[in-house]
Amino acid sequence: MDFGNNYVIGDFVKHIFELTLEIGHSASKMCQLPTTQIGLVTTVTVVFAVVYMSEAALPTTCANDAACKSAQGGDDNAICAKEGDTGGDNDGNCVCAGAYKENGGACVQKVLGDPCAADTDCGGVTHAACDTSKNQCGCIGAYKSDGSTGCTAKVLGDTCAADTDCGGVTHAACDTSKNQCGCIGAYKSDGSTGCTAKVLGDTCAKDTDCAGVTNAACDTSNNQCGCIGAYKSDGSGGCTAKGNSDPCSVDSDCAAVTNSACESDDTCGCADGYKITSTTCSAVLGTACAADSAAVDCTDHVENAACIDDACSCAAGYLKAGAKCSAESSADSVRFVGSVIGFSVFTAIVVHII
């Protein structure tokens, strides 16, 4: 009897089941069998039917692939394997094609862990390939099993052998000291599965680890990201330019404010000859002043200056030199040097023309 056709098997079992019910019903009427015995007969028959059906298989004889298709009681993903082929024999045997396996007479797609010989055998699982070390379908480098039958991208902490294994996480690479995916230098875990830029106070080993914060560098005294000299924390993870009264150690720490300097109390202030005007430093000479407030308006800021005719000017014996007042002899020297340089340039031009 050919049991290759599942539909034939189903009808066969149906007839046996119906016959059993009829026999049980007749026996009950004729012999007054207890209902429990009828139930036993029925149960045995049902079990037989399930077992019989579970043994359904693809046709075991074929001459060509067409004989293995569903129209002939097989499966459209089955092919005819001849002697010498995998699963074949001398009279032909229907087997499931590469990416499929047999399950109860049908061909279903292979899943992770199923045997394979080539990557195409694992084509039913996205991001999977044939692991030739085991000849089993497995997830490719940047992916891992999702705990079911598929593959999902690796996240921080997952095992890796190369940076590409961590390609599913932006700004991540393979930490070879642990063989785990981790965030690269200037980034840190976002507390979930990704990486976010480091901010002030985060650990660092070199300046590039703090590249996510403009005007920041790695403070080697505590191995934390901090603002560079002329900048300070803005209170929200970034750096902003220092202003007057901010702490400093050298003049360059105050460079963000023109004409400022680091004063003796280690805070930024205006350089000699300048005073604070809002957030900047402005020259004092030439600005208005009053006799009763000359110190505040003028002389506290410019040495050798005085309030003359309601304007901050250089005192007698001193001449204006930039924002400062210099002794006349020094100023004369400056003018003389300037004259000599000017005359030399003029002479050179004349000679060149001639």
# chains A, B, ... in the order shown; residues from 1 in each chain; ligands from 1
>>> residues_around(residues="Gly317 in chain A", least_positions_apart="3", cutoff="9 Å", atoms="only C-alpha atoms", output="NGL selection string")
:A and (304 or 314 or 326-329)
>>> residues_around(residues="range 213-227 of chain A", least_positions_apart="2", cutoff="8 Å", atoms="only C-alpha atoms", output="JSON, numbers by chain")
{"A": [198, 199, 200, 201, 202, 203, 204, 205, 206, 207, 208, 209, 210, 211, 229, 230, 231, 232, 233, 237, 238, 239]}
>>> select_by_dssp(residues="range 47-189 of chain A", states="strand (DSSP E)", output="VMD selection string")
chain A and resid 78 to 81 93 to 96 100 to 103 106 to 109 128 to 131 136 to 139 143 to 145 151 to 153 172 to 175 180 to 183 187 to 189
>>> select_by_dssp(residues="range 47-248 of chain A", states="alpha helix (DSSP H)", output="PyMOL selection string")
chain A and resi 47-54
>>> write_last_selection(atoms="N, CA and C atoms", output="compact mmCIF listing (two decimals), in the first residue's frame")
# COMPACT_ATOMS: atom_id res chain seq x y z
N VAL A 47 -5.04 7.36 19.58
CA VAL A 47 -3.59 7.32 19.73
C VAL A 47 -2.96 6.68 18.50
N PHE A 48 -3.55 5.57 18.02
CA PHE A 48 -3.05 4.89 16.84
C PHE A 48 -3.06 5.84 15.64
N ALA A 49 -4.15 6.60 15.53
CA ALA A 49 -4.28 7.53 14.41
C ALA A 49 -3.20 8.60 14.46
N VAL A 50 -2.94 9.19 15.65
CA VAL A 50 -1.93 10.24 15.80
C VAL A 50 -0.55 9.72 15.46
N VAL A 51 -0.21 8.53 16.00
CA VAL A 51 1.10 7.93 15.74
C VAL A 51 1.26 7.63 14.27
N TYR A 52 0.21 7.08 13.67
CA TYR A 52 0.26 6.70 12.26
C TYR A 52 0.49 7.92 11.37
N MET A 53 -0.24 9.00 11.71
CA MET A 53 -0.12 10.21 10.91
C MET A 53 1.23 10.88 11.10
N SER A 54 1.82 10.77 12.32
CA SER A 54 3.11 11.40 12.57
C SER A 54 4.22 10.75 11.77
>>> residues_around(residues="Gly150 in chain A", least_positions_apart="2", cutoff="10 Å", atoms="only C-alpha atoms", output="NGL selection string")
:A and (111-112 or 124-128 or 138-139 or 143-148 or 152)
>>> write_last_selection(atoms="all heavy atoms", output="compact mmCIF listing (two decimals), in the first residue's frame")
# COMPACT_ATOMS: atom_id res chain seq x y z
N VAL A 111 16.23 26.35 10.79
CA VAL A 111 16.39 27.40 11.78
C VAL A 111 17.79 27.28 12.38
O VAL A 111 18.59 26.42 12.01
CB VAL A 111 15.32 27.31 12.88
CG1 VAL A 111 13.93 27.55 12.30
CG2 VAL A 111 15.37 25.94 13.57
N LEU A 112 18.09 28.17 13.33
CA LEU A 112 19.40 28.13 13.98
C LEU A 112 19.65 26.77 14.60
O LEU A 112 18.77 26.19 15.24
CB LEU A 112 19.49 29.22 15.06
CG LEU A 112 19.33 30.67 14.58
CD1 LEU A 112 19.43 31.63 15.77
CD2 LEU A 112 20.37 31.02 13.53
N GLY A 124 16.77 30.80 5.31
CA GLY A 124 15.47 31.10 5.91
C GLY A 124 15.56 31.96 7.15
O GLY A 124 14.55 32.43 7.66
N VAL A 125 16.79 32.17 7.64
CA VAL A 125 17.00 33.00 8.84
C VAL A 125 17.80 34.23 8.46
O VAL A 125 18.94 34.13 8.00
CB VAL A 125 17.75 32.22 9.94
CG1 VAL A 125 17.89 33.07 11.20
CG2 VAL A 125 17.03 30.91 10.26
N THR A 126 17.22 35.40 8.62
CA THR A 126 17.91 36.64 8.29
C THR A 126 19.14 36.82 9.18
O THR A 126 19.09 36.59 10.37
CB THR A 126 16.97 37.85 8.48
OG1 THR A 126 15.78 37.64 7.71
CG2 THR A 126 17.62 39.15 8.03
N HIS A 127 20.25 37.23 8.56
CA HIS A 127 21.54 37.45 9.25
C HIS A 127 22.15 36.16 9.79
O HIS A 127 22.87 36.17 10.79
CB HIS A 127 21.39 38.46 10.40
CG HIS A 127 20.81 39.77 9.99
ND1 HIS A 127 21.36 40.55 8.99
CD2 HIS A 127 19.71 40.45 10.42
CE1 HIS A 127 20.64 41.64 8.83
NE2 HIS A 127 19.63 41.61 9.68
N ALA A 128 21.85 35.04 9.12
CA ALA A 128 22.45 33.76 9.52
C ALA A 128 23.29 33.20 8.39
O ALA A 128 23.11 33.56 7.22
CB ALA A 128 21.37 32.76 9.91
N GLY A 138 24.07 29.41 12.10
CA GLY A 138 24.27 30.31 13.22
C GLY A 138 24.23 31.76 12.77
O GLY A 138 24.32 32.05 11.57
N CYS A 139 24.09 32.69 13.70
CA CYS A 139 24.04 34.11 13.36
C CYS A 139 25.43 34.60 12.96
O CYS A 139 26.44 34.17 13.50
CB CYS A 139 23.54 34.91 14.56
SG CYS A 139 21.86 34.46 15.09
N TYR A 143 25.58 39.71 14.87
CA TYR A 143 24.26 39.30 15.34
C TYR A 143 24.37 38.11 16.30
O TYR A 143 25.35 37.39 16.32
CB TYR A 143 23.36 38.94 14.16
CG TYR A 143 23.06 40.14 13.28
CD1 TYR A 143 23.95 40.52 12.29
CD2 TYR A 143 21.92 40.90 13.48
CE1 TYR A 143 23.71 41.65 11.51
CE2 TYR A 143 21.66 42.01 12.69
CZ TYR A 143 22.56 42.38 11.71
OH TYR A 143 22.32 43.49 10.95
N LYS A 144 23.33 37.91 17.09
CA LYS A 144 23.25 36.81 18.04
C LYS A 144 21.84 36.24 18.01
O LYS A 144 20.91 36.87 17.47
CB LYS A 144 23.58 37.29 19.45
CG LYS A 144 22.58 38.33 19.97
CD LYS A 144 22.89 38.78 21.39
CE LYS A 144 21.84 39.79 21.87
NZ LYS A 144 22.11 40.24 23.26
N SER A 145 21.66 35.06 18.58
CA SER A 145 20.34 34.45 18.63
C SER A 145 19.39 35.32 19.44
O SER A 145 19.77 35.89 20.46
CB SER A 145 20.42 33.06 19.27
OG SER A 145 19.13 32.55 19.54
N ASP A 146 18.16 35.46 18.96
CA ASP A 146 17.16 36.25 19.68
C ASP A 146 16.45 35.41 20.74
O ASP A 146 15.47 35.85 21.33
CB ASP A 146 16.15 36.87 18.72
CG ASP A 146 15.35 35.82 17.94
OD1 ASP A 146 15.47 34.61 18.24
OD2 ASP A 146 14.59 36.20 17.03
N GLY A 147 16.96 34.20 20.97
CA GLY A 147 16.36 33.32 21.98
C GLY A 147 15.26 32.47 21.42
O GLY A 147 14.73 31.60 22.11
N SER A 148 14.93 32.67 20.16
CA SER A 148 13.89 31.88 19.52
C SER A 148 14.48 31.20 18.29
O SER A 148 15.30 30.31 18.41
CB SER A 148 12.70 32.78 19.16
OG SER A 148 11.68 32.03 18.54
N THR A 152 19.32 38.68 16.16
CA THR A 152 19.15 40.10 16.49
C THR A 152 20.52 40.72 16.66
O THR A 152 21.50 40.04 16.98
CB THR A 152 18.31 40.28 17.77
OG1 THR A 152 18.03 41.66 17.97
CG2 THR A 152 19.02 39.72 18.99
>>> closest_residue(among="A:Asn259, A:Thr120, A:Asn77, A:Thr164", to="Cys96 in chain A", atoms="only C-alpha atoms")
A:Asn77
>>> residues_around(residues="range 182-189 of chain A", least_positions_apart="3", cutoff="8 Å", atoms="only C-alpha atoms", output="tab-separated table (two decimals) with N, CA, C and O atoms, in the first residue's frame")
chain	number	residue	atom	x	y	z
A	156	LEU	N	25.95	46.20	23.61
A	156	LEU	CA	27.10	46.35	24.50
A	156	LEU	C	27.19	45.17	25.46
A	156	LEU	O	26.18	44.74	26.02
A	157	GLY	N	28.39	44.65	25.62
A	157	GLY	CA	28.59	43.53	26.54
A	157	GLY	C	28.55	42.17	25.87
A	157	GLY	O	28.96	41.17	26.47
A	171	HIS	N	29.23	53.89	17.36
A	171	HIS	CA	30.34	54.32	18.23
A	171	HIS	C	30.81	53.21	19.17
A	171	HIS	O	31.30	53.50	20.28
A	172	ALA	N	30.65	51.96	18.75
A	172	ALA	CA	31.13	50.83	19.57
A	172	ALA	C	32.18	50.05	18.79
A	172	ALA	O	32.26	50.12	17.57
A	173	ALA	N	33.02	49.32	19.52
A	173	ALA	CA	34.05	48.47	18.92
A	173	ALA	C	34.28	47.29	19.86
A	173	ALA	O	33.72	47.23	20.96
A	174	CYS	N	35.11	46.35	19.41
A	174	CYS	CA	35.39	45.16	20.21
A	174	CYS	C	36.53	45.45	21.19
A	174	CYS	O	37.65	45.76	20.77
A	175	ASP	N	36.24	45.38	22.47
A	175	ASP	CA	37.26	45.56	23.50
A	175	ASP	C	38.02	44.24	23.61
A	175	ASP	O	37.55	43.27	24.19
A	192	SER	N	21.54	51.92	28.38
A	192	SER	CA	20.64	50.96	27.74
A	192	SER	C	21.46	50.04	26.85
A	192	SER	O	22.21	49.21	27.34
A	193	THR	N	21.35	50.20	25.55
A	193	THR	CA	22.09	49.32	24.63
A	193	THR	C	22.98	50.11	23.68
A	193	THR	O	23.62	49.52	22.82
A	194	GLY	N	23.04	51.44	23.83
A	194	GLY	CA	23.80	52.27	22.91
A	194	GLY	C	24.91	53.05	23.58
A	194	GLY	O	25.20	52.89	24.77
A	195	CYS	N	25.56	53.92	22.79
A	195	CYS	CA	26.67	54.75	23.27
A	195	CYS	C	26.33	56.22	23.10
A	195	CYS	O	25.71	56.61	22.10
A	196	THR	N	26.73	57.04	24.06
A	196	THR	CA	26.51	58.48	24.00
A	196	THR	C	27.82	59.19	24.31
A	196	THR	O	28.70	58.63	24.97
A	197	ALA	N	27.99	60.41	23.82
A	197	ALA	CA	29.25	61.15	23.99
A	197	ALA	C	29.54	61.41	25.47
A	197	ALA	O	28.63	61.69	26.26
A	198	LYS	N	30.80	61.31	25.83
A	198	LYS	CA	31.21	61.61	27.21
A	198	LYS	C	31.05	63.11	27.47
A	198	LYS	O	31.13	63.93	26.56
A	204	CYS	N	38.68	59.39	31.46
A	204	CYS	CA	39.41	59.51	30.20
A	204	CYS	C	40.86	59.07	30.40
A	204	CYS	O	41.35	58.98	31.54
A	208	THR	N	41.57	62.96	23.36
A	208	THR	CA	40.56	62.58	22.37
A	208	THR	C	39.35	61.89	23.02
A	208	THR	O	38.28	61.83	22.42
A	209	ASP	N	39.52	61.38	24.24
A	209	ASP	CA	38.40	60.75	24.94
A	209	ASP	C	37.34	61.79	25.33
A	209	ASP	O	36.21	61.43	25.68
A	210	CYS	N	37.72	63.05	25.27
A	210	CYS	CA	36.80	64.14	25.68
A	210	CYS	C	36.36	64.95	24.47
A	210	CYS	O	35.84	66.06	24.61
A	211	ALA	N	36.56	64.40	23.26
A	211	ALA	CA	36.30	65.13	22.02
A	211	ALA	C	34.84	65.52	21.85
A	211	ALA	O	34.52	66.40	21.06
A	212	GLY	N	33.95	64.88	22.58
A	212	GLY	CA	32.53	65.19	22.47
A	212	GLY	C	32.16	66.51	23.11
A	212	GLY	O	31.04	67.02	22.93
>>> residues_around(residues="range 58-67 of chain A", least_positions_apart="4", cutoff="10 Å", atoms="only C-alpha atoms", output="PDB file with C-alpha atoms, in the first residue's frame")
ATOM      1  CA  ASP A   2       1.349   3.449  -0.917  1.00  0.00           C
ATOM      2  CA  PHE A   3       1.145   5.730   2.104  1.00  0.00           C
ATOM      3  CA  GLY A   4       3.046   8.543   0.484  1.00  0.00           C
ATOM      4  CA  ASN A   5      -0.077  10.637   0.100  1.00  0.00           C
ATOM      5  CA  ASN A   6      -1.085  12.293   3.384  1.00  0.00           C
ATOM      6  CA  ALA A  71       0.637  17.495  -6.457  1.00  0.00           C
ATOM      7  CA  GLN A  72       2.154  14.041  -6.055  1.00  0.00           C
ATOM      8  CA  GLY A  73       1.803  13.917  -2.275  1.00  0.00           C
ATOM      9  CA  GLY A  74       5.148  15.583  -1.604  1.00  0.00           C
ATOM     10  CA  ASP A  75       6.178  19.210  -1.036  1.00  0.00           C
ATOM     11  CA  ASP A  76       6.998  22.035  -3.452  1.00  0.00           C
ATOM     12  CA  ASN A  77      10.349  22.538  -1.686  1.00  0.00           C
ATOM     13  CA  ALA A  78      11.357  18.889  -2.172  1.00  0.00           C
ATOM     14  CA  ILE A  79      13.611  17.453  -4.875  1.00  0.00           C
ATOM     15  CA  CYS A  80      14.389  13.944  -6.110  1.00  0.00           C
ATOM     16  CA  ALA A  81      17.703  12.657  -4.783  1.00  0.00           C
ATOM     17  CA  LYS A  82      19.253   9.831  -6.796  1.00  0.00           C
ATOM     18  CA  GLY A  88      19.179   9.505  -2.236  1.00  0.00           C
ATOM     19  CA  ASP A  89      19.048   5.811  -3.210  1.00  0.00           C
ATOM     20  CA  ASN A  90      18.865   3.601  -6.308  1.00  0.00           C
ATOM     21  CA  ASP A  91      15.158   4.186  -7.000  1.00  0.00           C
ATOM     22  CA  GLY A  92      15.166   7.851  -6.015  1.00  0.00           C
ATOM     23  CA  ASN A  93      14.097   9.451  -2.759  1.00  0.00           C
ATOM     24  CA  CYS A  94      12.314  12.742  -2.186  1.00  0.00           C
ATOM     25  CA  VAL A  95      14.232  15.070   0.150  1.00  0.00           C
ATOM     26  CA  CYS A  96      13.845  18.690   1.160  1.00  0.00           C
ATOM     27  CA  GLU A 102      11.549  17.503   6.610  1.00  0.00           C
ATOM     28  CA  ASN A 103       8.989  17.732   9.378  1.00  0.00           C
ATOM     29  CA  GLY A 104       6.027  15.334   9.314  1.00  0.00           C
ATOM     30  CA  GLY A 105       6.056  14.867   5.564  1.00  0.00           C
ATOM     31  CA  ALA A 106       6.444  18.567   4.831  1.00  0.00           C
ATOM     32  CA  CYS A 107       9.459  20.753   4.082  1.00  0.00           C
TER      33      CYS A 107
END
>>> residues_around(residues="range 297-301 of chain A", least_positions_apart="6", cutoff="7 Å", atoms="only C-alpha atoms", output="PDB file with C-alpha atoms, in the first residue's frame")
ATOM      1  CA  ASP A 272      46.611  97.771  33.251  1.00  0.00           C
ATOM      2  CA  GLY A 273      45.025 100.663  31.401  1.00  0.00           C
ATOM      3  CA  TYR A 274      41.645  98.940  31.085  1.00  0.00           C
ATOM      4  CA  LYS A 275      38.512  98.635  33.182  1.00  0.00           C
ATOM      5  CA  VAL A 284      40.423 104.115  30.246  1.00  0.00           C
ATOM      6  CA  CYS A 289      35.958 111.341  34.701  1.00  0.00           C
ATOM      7  CA  CYS A 307      41.573 113.500  35.594  1.00  0.00           C
ATOM      8  CA  CYS A 312      41.246 110.641  32.003  1.00  0.00           C
TER       9      CYS A 312
END
>>> atom_distance(atom1="CA of Cys116 in chain A", atom2="CA of Gly98 in chain A")
7.8 Å
>>> atom_distance(atom1="CA of Gly167 in chain A", atom2="CA of Asn179 in chain A")
14.3 Å
>>> closest_residue(among="A:Gly191, A:Gly87, A:Gly269, A:Gly168", to="Cys248 in chain A", atoms="only C-alpha atoms")
A:Gly269
